[in-house]
Amino acid sequence: MEKFRKKIVISTIISGIINLAAVGLCIFDLLIISEKISFQPVNEMLLSFQTGLVLGIGMVALMYTIKNRKALRDPKELQILYNKEHDERQQLIIQKAGMPMMAYTSGVMVIAGVIAGYYNTVVFYTLIVAAMAQLLVGLSLKLYYSRTI
């Protein structure tokens, strides 16, 4: 259980880093929108979408941080989290749906899209739509396998 506790601590630290990055990017986007900083002509719709996307990612990371911190404080919650993560049926469903790799590649595509959004609007939208389509396929596969297995 101590090994699992260390894994949760590392996950909490990573979620905290994502939270800090999201807050920093939101402030940076607000400075660009208010034209305090300028790289090129401001596309407010793109920056607003980008700010919302980064804020949403930050909120999800904040929820994971809260859940993990709650589990670290209470041994019963930690045991419940351990049981959920090591459930064989859930592991099989996730493996069949290809979720770990699909989630990682989609995350990389979203991050690349956010970075590309500062330079090229078309690349931003292309990467975000491709990542969302990939996540939608993964979610539908996960739902299908959860009903059939």
# chains A, B, ... in the order shown; residues from 1 in each chain; ligands from 1
>>> residues_around(residues="Gly58 of chain A", least_positions_apart="5", cutoff="9 Å", atoms="only C-alpha atoms", output="list in words")
Ser15, Ile18, Asn19, Leu20, Ala21, Ala22, Val23, Leu53 and Met63 of chain A
>>> residues_around(residues="Val110 of chain A", least_positions_apart="2", cutoff="8 Å", atoms="only C-alpha atoms", output="list of chain:residue names")
A:Ser106, A:Gly107, A:Val108, A:Ala112, A:Gly113, A:Val114, A:Leu127, A:Ile128, A:Ala131
>>> atom_distance(atom1="atom CA of Leu46 of chain A", atom2="atom CA of Thr105 of chain A")
22.4 Å
>>> atom_distance(atom1="atom CA of Asn120 of chain A", atom2="atom CA of Val54 of chain A")
17.2 Å
>>> closest_atom_pairs(of="segment 115-140 of chain A", to="segment 26-33 of chain A", cutoff="12 Å", atoms="only C-alpha atoms", output="tab-separated table")
residue	atom	partner	partner_atom	distance
A:Ile115	CA	A:Asp29	CA	11.5
A:Gly117	CA	A:Asp29	CA	10.8
A:Tyr118	CA	A:Asp29	CA	9.4
>>> write_last_selection(atoms="C-alpha atoms", output="compact mmCIF listing (two decimals), in the first residue's frame")
# COMPACT_ATOMS: atom_id res chain seq x y z
CA ILE A 115 1.04 26.12 -28.05
CA GLY A 117 -2.62 28.56 -31.16
CA TYR A 118 -0.28 31.42 -30.40
>>> residues_around(residues="Leu81 of chain A", least_positions_apart="2", cutoff="12 Å", atoms="only C-alpha atoms", output="ChimeraX atom specification")
/A:1,4-5,7-8,64,67-72,74-79,83-87
>>> residues_around(residues="Leu136 of chain A", least_positions_apart="4", cutoff="12 Å", atoms="only C-alpha atoms", output="list in words")
Ala97, Met99, Met102, Ala103, Ser106, Val129, Ala130, Ala131, Met132, Ser140, Leu141, Lys142 and Leu143 of chain A
>>> closest_residue(among="A:Leu25, A:Ile149, A:Leu62, A:Ile111", to="Leu92 of chain A", atoms="only C-alpha atoms")
A:Ile149
>>> closest_residue(among="A:Ile13, A:Ala116, A:Met101, A:Leu55", to="Leu135 of chain A", atoms="only C-alpha atoms")
A:Met101
>>> closest_residue(among="A:Ile17, A:Ile93, A:Val9, A:Ile80", to="Ala61 of chain A", atoms="only C-alpha atoms")
A:Ile17
>>> atom_distance(atom1="atom CA of Thr121 of chain A", atom2="atom CA of Asn43 of chain A")
8.5 Å
>>> decode(residues="segment 83-118 of chain A", atoms="C-alpha atoms", output="PDB file, in the first residue's frame")
ATOM      1  CA  ASN A  83      -9.473  -1.225  -5.147  1.00  0.00           C
ATOM      2  CA  LYS A  84     -10.924   0.843  -8.005  1.00  0.00           C
ATOM      3  CA  GLU A  85      -7.563   1.148  -9.711  1.00  0.00           C
ATOM      4  CA  HIS A  86      -6.698  -2.536  -9.394  1.00  0.00           C
ATOM      5  CA  ASP A  87     -10.068  -3.937 -10.495  1.00  0.00           C
ATOM      6  CA  GLU A  88      -9.330  -6.599 -13.136  1.00  0.00           C
ATOM      7  CA  ARG A  89     -12.510  -5.964 -15.120  1.00  0.00           C
ATOM      8  CA  GLN A  90     -11.821  -2.245 -15.392  1.00  0.00           C
ATOM      9  CA  GLN A  91      -8.216  -2.923 -16.378  1.00  0.00           C
ATOM     10  CA  LEU A  92      -9.381  -5.246 -19.160  1.00  0.00           C
ATOM     11  CA  ILE A  93     -11.910  -2.701 -20.451  1.00  0.00           C
ATOM     12  CA  ILE A  94      -9.300   0.058 -20.485  1.00  0.00           C
ATOM     13  CA  GLN A  95      -6.784  -2.208 -22.188  1.00  0.00           C
ATOM     14  CA  LYS A  96      -9.251  -3.322 -24.879  1.00  0.00           C
ATOM     15  CA  ALA A  97     -10.288   0.277 -25.579  1.00  0.00           C
ATOM     16  CA  GLY A  98      -6.636   1.312 -25.906  1.00  0.00           C
ATOM     17  CA  MET A  99      -7.235   4.074 -23.421  1.00  0.00           C
ATOM     18  CA  PRO A 100      -3.838   4.690 -21.854  1.00  0.00           C
ATOM     19  CA  MET A 101      -2.072   5.418 -25.135  1.00  0.00           C
ATOM     20  CA  MET A 102      -5.074   7.178 -26.664  1.00  0.00           C
ATOM     21  CA  ALA A 103      -5.369   9.463 -23.654  1.00  0.00           C
ATOM     22  CA  TYR A 104      -1.651  10.284 -23.732  1.00  0.00           C
ATOM     23  CA  THR A 105      -1.602  11.067 -27.445  1.00  0.00           C
ATOM     24  CA  SER A 106      -4.755  13.162 -27.151  1.00  0.00           C
ATOM     25  CA  GLY A 107      -3.222  15.074 -24.252  1.00  0.00           C
ATOM     26  CA  VAL A 108      -0.083  15.745 -26.265  1.00  0.00           C
ATOM     27  CA  MET A 109      -2.210  16.906 -29.187  1.00  0.00           C
ATOM     28  CA  VAL A 110      -4.160  19.317 -26.968  1.00  0.00           C
ATOM     29  CA  ILE A 111      -0.953  20.728 -25.471  1.00  0.00           C
ATOM     30  CA  ALA A 112       0.562  21.082 -28.942  1.00  0.00           C
ATOM     31  CA  GLY A 113      -2.643  22.744 -30.122  1.00  0.00           C
ATOM     32  CA  VAL A 114      -2.591  25.265 -27.279  1.00  0.00           C
ATOM     33  CA  ILE A 115       1.040  26.124 -28.053  1.00  0.00           C
ATOM     34  CA  ALA A 116       0.363  26.290 -31.805  1.00  0.00           C
ATOM     35  CA  GLY A 117      -2.619  28.555 -31.160  1.00  0.00           C
ATOM     36  CA  TYR A 118      -0.281  31.420 -30.398  1.00  0.00           C
TER      37      TYR A 118
END
